[in-house]
>>> print(open('work.cif').read())   # mmCIF, N, CA and C atoms
data_coords
#
loop_
_atom_site.label_atom_id
_atom_site.label_comp_id
_atom_site.auth_asym_id
_atom_site.auth_seq_id
_atom_site.Cartn_x
_atom_site.Cartn_y
_atom_site.Cartn_z
N ASP A 1 118.56 259.93 118.96
CA ASP A 1 117.15 259.54 118.86
C ASP A 1 116.55 260.08 117.57
N GLU A 2 116.97 259.51 116.47
CA GLU A 2 116.51 259.99 115.16
C GLU A 2 115.03 259.68 114.95
N LYS A 3 114.29 260.73 114.63
CA LYS A 3 112.89 260.61 114.24
C LYS A 3 112.74 260.72 112.74
N HIS A 4 113.56 261.57 112.15
CA HIS A 4 113.50 261.84 110.72
C HIS A 4 114.91 262.08 110.21
N ALA A 5 115.11 261.80 108.91
CA ALA A 5 116.36 262.14 108.24
C ALA A 5 116.01 262.96 107.01
N ILE A 6 116.77 264.01 106.80
CA ILE A 6 116.56 264.84 105.62
C ILE A 6 117.87 264.96 104.85
N THR A 7 117.72 265.14 103.55
CA THR A 7 118.86 265.44 102.69
C THR A 7 118.65 266.85 102.17
N VAL A 8 119.67 267.65 102.33
CA VAL A 8 119.62 269.06 101.94
C VAL A 8 120.59 269.30 100.79
N PHE A 9 120.10 269.97 99.76
CA PHE A 9 120.94 270.43 98.65
C PHE A 9 121.28 271.90 98.94
N PRO A 10 122.45 272.18 99.55
CA PRO A 10 122.81 273.55 99.84
C PRO A 10 123.78 274.13 98.82
N ASP A 11 123.74 275.44 98.71
CA ASP A 11 124.75 276.19 97.96
C ASP A 11 125.47 277.02 99.01
N VAL A 12 126.80 277.00 99.00
CA VAL A 12 127.55 277.71 100.04
C VAL A 12 127.32 279.22 100.00
N ASP A 13 126.77 279.73 98.91
CA ASP A 13 126.51 281.17 98.80
C ASP A 13 125.06 281.54 99.11
N CYS A 14 124.26 280.60 99.56
CA CYS A 14 122.83 280.80 99.81
C CYS A 14 122.61 281.21 101.27
N GLY A 15 121.95 282.35 101.46
CA GLY A 15 121.69 282.85 102.81
C GLY A 15 120.85 281.92 103.66
N TYR A 16 119.80 281.34 103.08
CA TYR A 16 118.96 280.42 103.85
C TYR A 16 119.70 279.11 104.14
N CYS A 17 120.60 278.72 103.26
CA CYS A 17 121.43 277.53 103.52
C CYS A 17 122.33 277.79 104.72
N ARG A 18 122.87 278.97 104.79
CA ARG A 18 123.72 279.34 105.92
C ARG A 18 122.92 279.34 107.22
N ARG A 19 121.73 279.88 107.14
CA ARG A 19 120.88 279.91 108.32
C ARG A 19 120.55 278.49 108.79
N LEU A 20 120.18 277.62 107.87
CA LEU A 20 119.88 276.23 108.22
C LEU A 20 121.12 275.58 108.85
N HIS A 21 122.28 275.82 108.26
CA HIS A 21 123.51 275.23 108.80
C HIS A 21 123.77 275.69 110.23
N GLN A 22 123.50 276.93 110.52
CA GLN A 22 123.69 277.45 111.88
C GLN A 22 122.75 276.78 112.88
N GLU A 23 121.65 276.21 112.38
CA GLU A 23 120.64 275.60 113.25
C GLU A 23 120.70 274.08 113.27
N ILE A 24 121.75 273.49 112.71
CA ILE A 24 121.84 272.03 112.64
C ILE A 24 121.69 271.40 114.02
N SER A 25 122.35 271.93 115.02
CA SER A 25 122.26 271.32 116.35
C SER A 25 120.83 271.37 116.89
N GLU A 26 120.09 272.41 116.53
CA GLU A 26 118.68 272.50 116.96
C GLU A 26 117.83 271.44 116.25
N HIS A 27 118.10 271.21 114.97
CA HIS A 27 117.39 270.15 114.24
C HIS A 27 117.74 268.80 114.86
N ASN A 28 119.02 268.57 115.11
CA ASN A 28 119.45 267.31 115.72
C ASN A 28 118.80 267.09 117.08
N ALA A 29 118.68 268.15 117.87
CA ALA A 29 118.05 268.04 119.20
C ALA A 29 116.58 267.63 119.10
N ARG A 30 115.96 267.89 117.96
CA ARG A 30 114.56 267.52 117.74
C ARG A 30 114.43 266.16 117.05
N GLY A 31 115.57 265.48 116.87
CA GLY A 31 115.56 264.15 116.28
C GLY A 31 115.65 264.15 114.77
N VAL A 32 116.11 265.25 114.18
CA VAL A 32 116.23 265.34 112.72
C VAL A 32 117.70 265.24 112.33
N THR A 33 118.03 264.21 111.57
CA THR A 33 119.37 264.04 111.04
C THR A 33 119.45 264.79 109.72
N VAL A 34 120.52 265.55 109.53
CA VAL A 34 120.68 266.37 108.33
C VAL A 34 121.89 265.88 107.55
N GLN A 35 121.67 265.56 106.27
CA GLN A 35 122.74 265.16 105.38
C GLN A 35 122.79 266.16 104.23
N TYR A 36 123.98 266.43 103.74
CA TYR A 36 124.16 267.37 102.64
C TYR A 36 124.57 266.66 101.35
N LEU A 37 124.04 267.15 100.23
CA LEU A 37 124.55 266.86 98.90
C LEU A 37 124.78 268.23 98.27
N PHE A 38 126.03 268.59 98.08
CA PHE A 38 126.35 269.93 97.60
C PHE A 38 125.64 270.25 96.29
N PHE A 39 125.14 271.48 96.20
CA PHE A 39 124.48 271.95 95.00
C PHE A 39 124.95 273.37 94.69
N PRO A 40 126.19 273.50 94.17
CA PRO A 40 126.69 274.83 93.78
C PRO A 40 125.97 275.27 92.50
N ARG A 41 124.91 276.05 92.67
CA ARG A 41 124.03 276.42 91.56
C ARG A 41 124.75 277.05 90.38
N SER A 42 125.86 277.72 90.63
CA SER A 42 126.55 278.42 89.54
C SER A 42 127.32 277.46 88.63
N GLY A 43 127.48 276.20 89.04
CA GLY A 43 128.07 275.20 88.16
C GLY A 43 129.53 274.90 88.41
N ILE A 44 130.01 273.94 87.65
CA ILE A 44 131.40 273.47 87.74
C ILE A 44 132.35 274.57 87.32
N GLY A 45 133.46 274.68 88.06
CA GLY A 45 134.49 275.65 87.72
C GLY A 45 134.23 277.05 88.26
N THR A 46 133.22 277.20 89.10
CA THR A 46 132.90 278.50 89.70
C THR A 46 133.41 278.55 91.13
N PRO A 47 133.51 279.73 91.72
CA PRO A 47 133.95 279.80 93.12
C PRO A 47 133.08 278.97 94.07
N SER A 48 131.76 278.94 93.87
CA SER A 48 130.90 278.12 94.74
C SER A 48 131.24 276.64 94.62
N TYR A 49 131.46 276.19 93.40
CA TYR A 49 131.84 274.79 93.18
C TYR A 49 133.18 274.50 93.85
N ASP A 50 134.15 275.38 93.65
CA ASP A 50 135.48 275.18 94.24
C ASP A 50 135.40 275.14 95.77
N THR A 51 134.55 275.98 96.35
CA THR A 51 134.38 275.97 97.80
C THR A 51 133.78 274.65 98.26
N ALA A 52 132.77 274.17 97.55
CA ALA A 52 132.15 272.89 97.91
C ALA A 52 133.18 271.76 97.84
N VAL A 53 134.00 271.75 96.81
CA VAL A 53 135.06 270.73 96.68
C VAL A 53 136.05 270.87 97.83
N SER A 54 136.42 272.08 98.16
CA SER A 54 137.36 272.31 99.27
C SER A 54 136.79 271.79 100.59
N VAL A 55 135.50 271.97 100.81
CA VAL A 55 134.87 271.44 102.02
C VAL A 55 134.95 269.92 102.02
N TRP A 56 134.55 269.30 100.92
CA TRP A 56 134.54 267.84 100.85
C TRP A 56 135.95 267.27 101.05
N CYS A 57 136.94 267.92 100.49
CA CYS A 57 138.31 267.40 100.51
C CYS A 57 139.08 267.78 101.78
N ALA A 58 138.48 268.57 102.64
CA ALA A 58 139.15 269.00 103.87
C ALA A 58 139.32 267.82 104.84
N ALA A 59 140.35 267.88 105.63
CA ALA A 59 140.57 266.84 106.64
C ALA A 59 139.44 266.83 107.67
N ASP A 60 138.93 268.00 108.00
CA ASP A 60 137.81 268.14 108.93
C ASP A 60 136.65 268.80 108.18
N ARG A 61 135.77 268.00 107.61
CA ARG A 61 134.69 268.53 106.78
C ARG A 61 133.72 269.41 107.57
N LYS A 62 133.45 269.03 108.80
CA LYS A 62 132.53 269.85 109.61
C LYS A 62 133.10 271.24 109.82
N GLN A 63 134.36 271.32 110.20
CA GLN A 63 135.00 272.62 110.41
C GLN A 63 135.03 273.40 109.11
N ALA A 64 135.33 272.73 108.01
CA ALA A 64 135.38 273.41 106.72
C ALA A 64 133.99 273.91 106.31
N MET A 65 132.95 273.10 106.55
CA MET A 65 131.59 273.54 106.22
C MET A 65 131.18 274.70 107.10
N ASP A 66 131.54 274.65 108.37
CA ASP A 66 131.25 275.78 109.27
C ASP A 66 131.91 277.05 108.73
N ALA A 67 133.16 276.93 108.30
CA ALA A 67 133.87 278.09 107.76
C ALA A 67 133.22 278.58 106.47
N ALA A 68 132.89 277.67 105.58
CA ALA A 68 132.28 278.05 104.30
C ALA A 68 130.92 278.71 104.50
N GLN A 69 130.11 278.16 105.39
CA GLN A 69 128.78 278.71 105.63
C GLN A 69 128.84 280.00 106.46
N GLY A 70 129.92 280.17 107.18
CA GLY A 70 130.07 281.39 107.98
C GLY A 70 130.82 282.49 107.26
N GLY A 71 131.22 282.24 106.02
CA GLY A 71 131.95 283.26 105.27
C GLY A 71 133.41 283.37 105.66
N GLY A 72 133.91 282.38 106.39
CA GLY A 72 135.30 282.42 106.83
C GLY A 72 136.26 281.94 105.77
N ALA A 73 137.54 282.05 106.09
CA ALA A 73 138.59 281.61 105.16
C ALA A 73 138.62 280.10 105.10
N LEU A 74 138.84 279.61 103.90
CA LEU A 74 138.87 278.17 103.68
C LEU A 74 140.02 277.86 102.73
N GLU A 75 140.88 276.94 103.15
CA GLU A 75 142.00 276.55 102.29
C GLU A 75 141.46 275.80 101.07
N LYS A 76 141.91 276.20 99.89
CA LYS A 76 141.46 275.55 98.66
C LYS A 76 142.08 274.16 98.58
N LYS A 77 141.21 273.16 98.36
CA LYS A 77 141.66 271.78 98.28
C LYS A 77 140.96 271.10 97.12
N THR A 78 141.58 270.05 96.63
CA THR A 78 140.95 269.19 95.63
C THR A 78 141.27 267.75 96.00
N CYS A 79 140.42 266.85 95.56
CA CYS A 79 140.67 265.42 95.74
C CYS A 79 139.90 264.67 94.66
N ALA A 80 140.42 263.55 94.29
CA ALA A 80 139.87 262.81 93.14
C ALA A 80 138.51 262.20 93.43
N ASP A 81 138.22 261.89 94.68
CA ASP A 81 137.00 261.17 94.99
C ASP A 81 135.84 262.06 95.46
N ASN A 82 135.89 263.34 95.15
CA ASN A 82 134.82 264.22 95.66
C ASN A 82 133.54 264.02 94.84
N PRO A 83 132.38 264.04 95.52
CA PRO A 83 131.10 263.80 94.85
C PRO A 83 130.35 265.08 94.47
N VAL A 84 131.02 266.21 94.44
CA VAL A 84 130.33 267.49 94.23
C VAL A 84 129.67 267.55 92.86
N ALA A 85 130.32 267.09 91.83
CA ALA A 85 129.71 267.12 90.49
C ALA A 85 128.46 266.24 90.45
N ARG A 86 128.51 265.08 91.13
CA ARG A 86 127.32 264.21 91.17
C ARG A 86 126.19 264.87 91.95
N GLY A 87 126.51 265.55 93.04
CA GLY A 87 125.49 266.28 93.80
C GLY A 87 124.87 267.38 92.96
N LEU A 88 125.71 268.06 92.19
CA LEU A 88 125.22 269.11 91.29
C LEU A 88 124.26 268.52 90.26
N GLU A 89 124.63 267.37 89.70
CA GLU A 89 123.76 266.72 88.70
C GLU A 89 122.42 266.32 89.32
N LEU A 90 122.47 265.70 90.49
CA LEU A 90 121.22 265.34 91.17
C LEU A 90 120.41 266.57 91.51
N GLY A 91 121.08 267.60 91.99
CA GLY A 91 120.39 268.84 92.33
C GLY A 91 119.69 269.45 91.14
N ARG A 92 120.30 269.35 89.99
CA ARG A 92 119.67 269.89 88.78
C ARG A 92 118.41 269.11 88.43
N ARG A 93 118.38 267.84 88.80
CA ARG A 93 117.19 267.03 88.55
C ARG A 93 116.09 267.28 89.58
N PHE A 94 116.50 267.46 90.83
CA PHE A 94 115.52 267.49 91.92
C PHE A 94 115.39 268.82 92.64
N ALA A 95 116.40 269.66 92.59
CA ALA A 95 116.41 270.86 93.43
C ALA A 95 116.32 272.15 92.62
N GLU A 96 115.76 272.07 91.47
CA GLU A 96 115.70 273.24 90.59
C GLU A 96 114.92 274.40 91.18
N THR A 97 114.16 274.16 92.23
CA THR A 97 113.32 275.20 92.80
C THR A 97 114.12 276.20 93.64
N GLY A 98 115.35 275.92 93.93
CA GLY A 98 116.18 276.81 94.73
C GLY A 98 116.86 276.06 95.85
N THR A 99 117.60 276.80 96.64
CA THR A 99 118.33 276.19 97.75
C THR A 99 117.96 276.91 99.03
N PRO A 100 117.99 276.21 100.13
CA PRO A 100 118.23 274.78 100.22
C PRO A 100 116.99 274.00 99.78
N ALA A 101 117.18 272.99 98.99
CA ALA A 101 116.10 272.08 98.63
C ALA A 101 116.21 270.89 99.57
N ILE A 102 115.12 270.56 100.22
CA ILE A 102 115.16 269.57 101.30
C ILE A 102 114.20 268.41 100.97
N PHE A 103 114.71 267.19 101.16
CA PHE A 103 113.95 265.97 100.89
C PHE A 103 114.01 265.03 102.08
N THR A 104 112.95 264.25 102.28
CA THR A 104 112.96 263.23 103.32
C THR A 104 113.76 262.02 102.82
N ALA A 105 114.02 261.10 103.73
CA ALA A 105 114.71 259.87 103.35
C ALA A 105 113.87 259.03 102.39
N GLN A 106 112.57 259.28 102.37
CA GLN A 106 111.66 258.58 101.47
C GLN A 106 111.54 259.28 100.11
N GLY A 107 112.27 260.38 99.93
CA GLY A 107 112.27 261.10 98.66
C GLY A 107 111.20 262.16 98.52
N GLU A 108 110.48 262.46 99.60
CA GLU A 108 109.44 263.49 99.55
C GLU A 108 110.07 264.88 99.63
N TYR A 109 109.59 265.76 98.80
CA TYR A 109 110.09 267.13 98.81
C TYR A 109 109.49 267.88 100.00
N VAL A 110 110.34 268.36 100.87
CA VAL A 110 109.91 269.11 102.05
C VAL A 110 109.71 270.57 101.68
N GLY A 111 110.58 271.09 100.84
CA GLY A 111 110.56 272.49 100.46
C GLY A 111 111.91 273.10 100.75
N GLY A 112 111.88 274.39 101.07
CA GLY A 112 113.10 275.11 101.38
C GLY A 112 113.31 275.23 102.88
N TYR A 113 114.00 276.27 103.25
CA TYR A 113 114.34 276.50 104.66
C TYR A 113 113.10 276.57 105.53
N LEU A 114 113.15 275.89 106.66
CA LEU A 114 112.15 276.02 107.72
C LEU A 114 112.91 276.06 109.05
N PRO A 115 112.45 276.89 109.99
CA PRO A 115 113.06 276.86 111.32
C PRO A 115 112.86 275.47 111.95
N PRO A 116 113.67 275.12 112.93
CA PRO A 116 113.63 273.76 113.49
C PRO A 116 112.25 273.26 113.92
N ASP A 117 111.48 274.05 114.65
CA ASP A 117 110.16 273.58 115.09
C ASP A 117 109.22 273.35 113.91
N ARG A 118 109.23 274.25 112.94
CA ARG A 118 108.38 274.08 111.76
C ARG A 118 108.84 272.91 110.90
N MET A 119 110.15 272.69 110.84
CA MET A 119 110.67 271.54 110.09
C MET A 119 110.15 270.25 110.71
N LEU A 120 110.23 270.14 112.03
CA LEU A 120 109.75 268.94 112.70
C LEU A 120 108.26 268.74 112.45
N GLN A 121 107.49 269.81 112.52
CA GLN A 121 106.05 269.71 112.24
C GLN A 121 105.81 269.20 110.82
N ARG A 122 106.54 269.75 109.86
CA ARG A 122 106.37 269.35 108.46
C ARG A 122 106.76 267.88 108.26
N LEU A 123 107.85 267.47 108.88
CA LEU A 123 108.28 266.07 108.75
C LEU A 123 107.31 265.12 109.43
N ASP A 124 106.79 265.51 110.59
CA ASP A 124 105.78 264.69 111.26
C ASP A 124 104.54 264.55 110.39
N ALA A 125 104.12 265.65 109.76
CA ALA A 125 102.92 265.63 108.90
C ALA A 125 103.15 264.72 107.69
N LEU A 126 104.31 264.82 107.07
CA LEU A 126 104.61 263.95 105.93
C LEU A 126 104.63 262.48 106.34
N ALA A 127 105.21 262.18 107.50
CA ALA A 127 105.26 260.81 107.98
C ALA A 127 103.86 260.28 108.29
N ALA A 128 103.01 261.11 108.85
CA ALA A 128 101.64 260.71 109.19
C ALA A 128 100.80 260.44 107.93
N ALA A 129 101.13 261.13 106.85
CA ALA A 129 100.38 260.99 105.60
C ALA A 129 100.78 259.74 104.81
N ARG A 130 101.87 259.11 105.18
CA ARG A 130 102.33 257.92 104.43
C ARG A 130 101.44 256.74 104.65
#
>>> encode(input="work.cif", output="C-alpha cells")
Amino acid sequence: DEKHAITVFPDVDCGYCRRLHQEISEHNARGVTVQYLFFPRSGIGTPSYDTAVSVWCAADRKQAMDAAQGGGALEKKTCADNPVARGLELGRRFAETGTPAIFTAQGEYVGGYLPPDRMLQRLDALAAAR
C-alpha cells in the first residue's frame, strides 16, 4: 500500500544511513517505498565505493546491503553493469548537503534522516503542498 516513494543517497559509512536502513521495514509499514542510489562520498576507488560496488554486484543485494550497513563482512565483488559511479555523479549534483540525502519521487528534497513517523509526516506535508 504505497503512499509515498523516496530515493535515498546513502553512504555505507554514514551512521544515519545505517540507522535509516535498519528502519526500512518500519517505513514500508507506513506506506513509504525506499529506493537507494549509492553515494560513496569519498569517491571512486575508495573503500566506501568498493563496498557499494560489492553490494550492487552481490547475488543477494538485500543481504549484502544489510551486511554493509551493519558493519559485517562482505565479499568483494565487481561487475561491469554497476551504477555506483552514476549514483555518485548524481549525488554530487543533488546530495551535496550530506547523507542520507532523501528526495521524493517528484524530486522534492526531503532532507536527511528522519524517524519513520516524522518521515511520513514530512512526506504527507509535501504531498499536501503540491
>>> residues_around(input="work.cif", residues="region 107-114 of chain A", least_positions_apart="6", cutoff="7 Å", atoms="only N, CA and C atoms", output="list in words")
Tyr16, Cys17, Leu20, Gly98, Thr99, Pro100 and Ala101 of chain A
>>> resolve_selection(input="work.cif", expression="the PyMOL selection byres (((chain A and resi 52 and name CA) around 8) and name CA)", output="list of chain:residue names")
A:Val12, A:Phe38, A:Pro40, A:Ser48, A:Tyr49, A:Asp50, A:Thr51, A:Val53, A:Ser54, A:Val55, A:Trp56, A:Val84
>>> closest_residue(input="work.cif", among="A:Ala68, A:Arg18, A:Thr104, A:Glu75", to="Ala5 (chain A)", atoms="only C-alpha atoms")
A:Thr104
>>> select_by_dssp(input="work.cif", residues="chain A", states="helix (DSSP H, G or I)", output="JSON, numbers by chain")
{"A": [15, 16, 17, 18, 19, 20, 21, 22, 24, 25, 26, 27, 28, 29, 47, 48, 49, 50, 51, 52, 53, 54, 55, 56, 57, 61, 62, 63, 64, 65, 66, 67, 68, 69, 84, 85, 86, 87, 88, 89, 90, 91, 92, 93, 94, 116, 117, 118, 119, 120, 121, 122, 123, 124, 125, 126, 127, 128, 129]}
>>> select_by_dssp(input="work.cif", residues="chain A", states="strand (DSSP E)", output="PDB file with N, CA and C atoms, in the coordinates of the input")
ATOM      1  N   HIS A   4     113.560 261.570 112.150  1.00  0.00           N
ATOM      2  CA  HIS A   4     113.500 261.840 110.720  1.00  0.00           C
ATOM      3  C   HIS A   4     114.910 262.080 110.210  1.00  0.00           C
ATOM      4  N   ALA A   5     115.110 261.800 108.910  1.00  0.00           N
ATOM      5  CA  ALA A   5     116.360 262.140 108.240  1.00  0.00           C
ATOM      6  C   ALA A   5     116.010 262.960 107.010  1.00  0.00           C
ATOM      7  N   ILE A   6     116.770 264.010 106.800  1.00  0.00           N
ATOM      8  CA  ILE A   6     116.560 264.840 105.620  1.00  0.00           C
ATOM      9  C   ILE A   6     117.870 264.960 104.850  1.00  0.00           C
ATOM     10  N   THR A   7     117.720 265.140 103.550  1.00  0.00           N
ATOM     11  CA  THR A   7     118.860 265.440 102.690  1.00  0.00           C
ATOM     12  C   THR A   7     118.650 266.850 102.170  1.00  0.00           C
ATOM     13  N   VAL A   8     119.670 267.650 102.330  1.00  0.00           N
ATOM     14  CA  VAL A   8     119.620 269.060 101.940  1.00  0.00           C
ATOM     15  C   VAL A   8     120.590 269.300 100.790  1.00  0.00           C
ATOM     16  N   PHE A   9     120.100 269.970  99.760  1.00  0.00           N
ATOM     17  CA  PHE A   9     120.940 270.430  98.650  1.00  0.00           C
ATOM     18  C   PHE A   9     121.280 271.900  98.940  1.00  0.00           C
ATOM     19  N   VAL A  32     116.110 265.250 114.180  1.00  0.00           N
ATOM     20  CA  VAL A  32     116.230 265.340 112.720  1.00  0.00           C
ATOM     21  C   VAL A  32     117.700 265.240 112.330  1.00  0.00           C
ATOM     22  N   THR A  33     118.030 264.210 111.570  1.00  0.00           N
ATOM     23  CA  THR A  33     119.370 264.040 111.040  1.00  0.00           C
ATOM     24  C   THR A  33     119.450 264.790 109.720  1.00  0.00           C
ATOM     25  N   VAL A  34     120.520 265.550 109.530  1.00  0.00           N
ATOM     26  CA  VAL A  34     120.680 266.370 108.330  1.00  0.00           C
ATOM     27  C   VAL A  34     121.890 265.880 107.550  1.00  0.00           C
ATOM     28  N   GLN A  35     121.670 265.560 106.270  1.00  0.00           N
ATOM     29  CA  GLN A  35     122.740 265.160 105.380  1.00  0.00           C
ATOM     30  C   GLN A  35     122.790 266.160 104.230  1.00  0.00           C
ATOM     31  N   TYR A  36     123.980 266.430 103.740  1.00  0.00           N
ATOM     32  CA  TYR A  36     124.160 267.370 102.640  1.00  0.00           C
ATOM     33  C   TYR A  36     124.570 266.660 101.350  1.00  0.00           C
ATOM     34  N   ALA A 101     117.180 272.990  98.990  1.00  0.00           N
ATOM     35  CA  ALA A 101     116.100 272.080  98.630  1.00  0.00           C
ATOM     36  C   ALA A 101     116.210 270.890  99.570  1.00  0.00           C
ATOM     37  N   ILE A 102     115.120 270.560 100.220  1.00  0.00           N
ATOM     38  CA  ILE A 102     115.160 269.570 101.300  1.00  0.00           C
ATOM     39  C   ILE A 102     114.200 268.410 100.970  1.00  0.00           C
ATOM     40  N   PHE A 103     114.710 267.190 101.160  1.00  0.00           N
ATOM     41  CA  PHE A 103     113.950 265.970 100.890  1.00  0.00           C
ATOM     42  C   PHE A 103     114.010 265.030 102.080  1.00  0.00           C
ATOM     43  N   THR A 104     112.950 264.250 102.280  1.00  0.00           N
ATOM     44  CA  THR A 104     112.960 263.230 103.320  1.00  0.00           C
ATOM     45  C   THR A 104     113.760 262.020 102.820  1.00  0.00           C
ATOM     46  N   TYR A 109     109.590 265.760  98.800  1.00  0.00           N
ATOM     47  CA  TYR A 109     110.090 267.130  98.810  1.00  0.00           C
ATOM     48  C   TYR A 109     109.490 267.880 100.000  1.00  0.00           C
ATOM     49  N   VAL A 110     110.340 268.360 100.870  1.00  0.00           N
ATOM     50  CA  VAL A 110     109.910 269.110 102.050  1.00  0.00           C
ATOM     51  C   VAL A 110     109.710 270.570 101.680  1.00  0.00           C
ATOM     52  N   GLY A 111     110.580 271.090 100.840  1.00  0.00           N
ATOM     53  CA  GLY A 111     110.560 272.490 100.460  1.00  0.00           C
ATOM     54  C   GLY A 111     111.910 273.100 100.750  1.00  0.00           C
TER      55      GLY A 111
END
>>> atom_distance(input="work.cif", atom1="CA of Gly43 (chain A)", atom2="atom N of Gly71 (chain A)")
19.5 Å
>>> atom_distance(input="work.cif", atom1="CA of Arg92 (chain A)", atom2="atom C of Thr33 (chain A)")
21.6 Å
>>> atom_distance(input="work.cif", atom1="CA of Ala85 (chain A)", atom2="CA of Ile44 (chain A)")
7.1 Å
>>> residues_around(input="work.cif", residues="Tyr36 (chain A)", least_positions_apart="2", cutoff="6.5 Å", atoms="only N, CA and C atoms", output="PyMOL selection string")
chain A and resi 6-10+34+38
>>> closest_residue(input="work.cif", among="A:Gln121, A:Gln69, A:Gln63, A:Ser42", to="Leu88 (chain A)", atoms="only C-alpha atoms")
A:Ser42
>>> closest_residue(input="work.cif", among="A:Gly91, A:Arg130, A:Asp66, A:Arg61", to="Glu23 (chain A)", atoms="only C-alpha atoms")
A:Asp66
>>> build_atoms(input="work.cif", residues="region 55-61 of chain A", atoms="all heavy atoms", output="short mmCIF file (atom, residue, chain, number, x, y, z; two decimals), in the frame of the given file")
data_model
loop_
_atom_site.label_atom_id
_atom_site.label_comp_id
_atom_site.auth_asym_id
_atom_site.auth_seq_id
_atom_site.Cartn_x
_atom_site.Cartn_y
_atom_site.Cartn_z
N VAL A 55 135.50 271.97 100.81
CA VAL A 55 134.87 271.44 102.02
C VAL A 55 134.95 269.92 102.02
O VAL A 55 135.36 269.30 103.00
CB VAL A 55 133.40 271.91 102.14
CG1 VAL A 55 132.68 271.15 103.24
CG2 VAL A 55 133.33 273.41 102.40
N TRP A 56 134.55 269.30 100.92
CA TRP A 56 134.54 267.84 100.85
C TRP A 56 135.95 267.27 101.05
O TRP A 56 136.12 266.25 101.71
CB TRP A 56 133.98 267.36 99.52
CG TRP A 56 134.01 265.86 99.46
CD1 TRP A 56 134.96 265.08 98.87
CD2 TRP A 56 133.10 264.97 100.08
NE1 TRP A 56 134.68 263.75 99.06
CE2 TRP A 56 133.54 263.65 99.82
CE3 TRP A 56 131.94 265.14 100.84
CZ2 TRP A 56 132.87 262.53 100.28
CZ3 TRP A 56 131.27 264.01 101.29
CH2 TRP A 56 131.73 262.73 101.01
N CYS A 57 136.94 267.92 100.49
CA CYS A 57 138.31 267.40 100.51
C CYS A 57 139.08 267.78 101.78
O CYS A 57 140.22 267.33 101.96
CB CYS A 57 139.06 267.89 99.27
SG CYS A 57 138.35 267.26 97.72
N ALA A 58 138.48 268.57 102.64
CA ALA A 58 139.15 269.00 103.87
C ALA A 58 139.32 267.82 104.84
O ALA A 58 138.50 266.89 104.85
CB ALA A 58 138.34 270.10 104.55
N ALA A 59 140.35 267.88 105.63
CA ALA A 59 140.57 266.84 106.64
C ALA A 59 139.44 266.83 107.67
O ALA A 59 139.03 265.78 108.14
CB ALA A 59 141.92 267.07 107.33
N ASP A 60 138.93 268.00 108.00
CA ASP A 60 137.81 268.14 108.93
C ASP A 60 136.65 268.80 108.18
O ASP A 60 136.56 270.03 108.10
CB ASP A 60 138.23 268.97 110.14
CG ASP A 60 137.15 269.09 111.21
OD1 ASP A 60 135.96 268.87 110.90
OD2 ASP A 60 137.50 269.41 112.36
N ARG A 61 135.77 268.00 107.61
CA ARG A 61 134.69 268.53 106.78
C ARG A 61 133.72 269.41 107.57
O ARG A 61 133.23 270.39 107.05
CB ARG A 61 133.91 267.39 106.12
CG ARG A 61 134.69 266.68 105.06
CD ARG A 61 133.86 265.58 104.42
NE ARG A 61 134.71 264.81 103.53
CZ ARG A 61 134.57 263.51 103.33
NH1 ARG A 61 133.61 262.85 103.93
NH2 ARG A 61 135.39 262.89 102.51
#
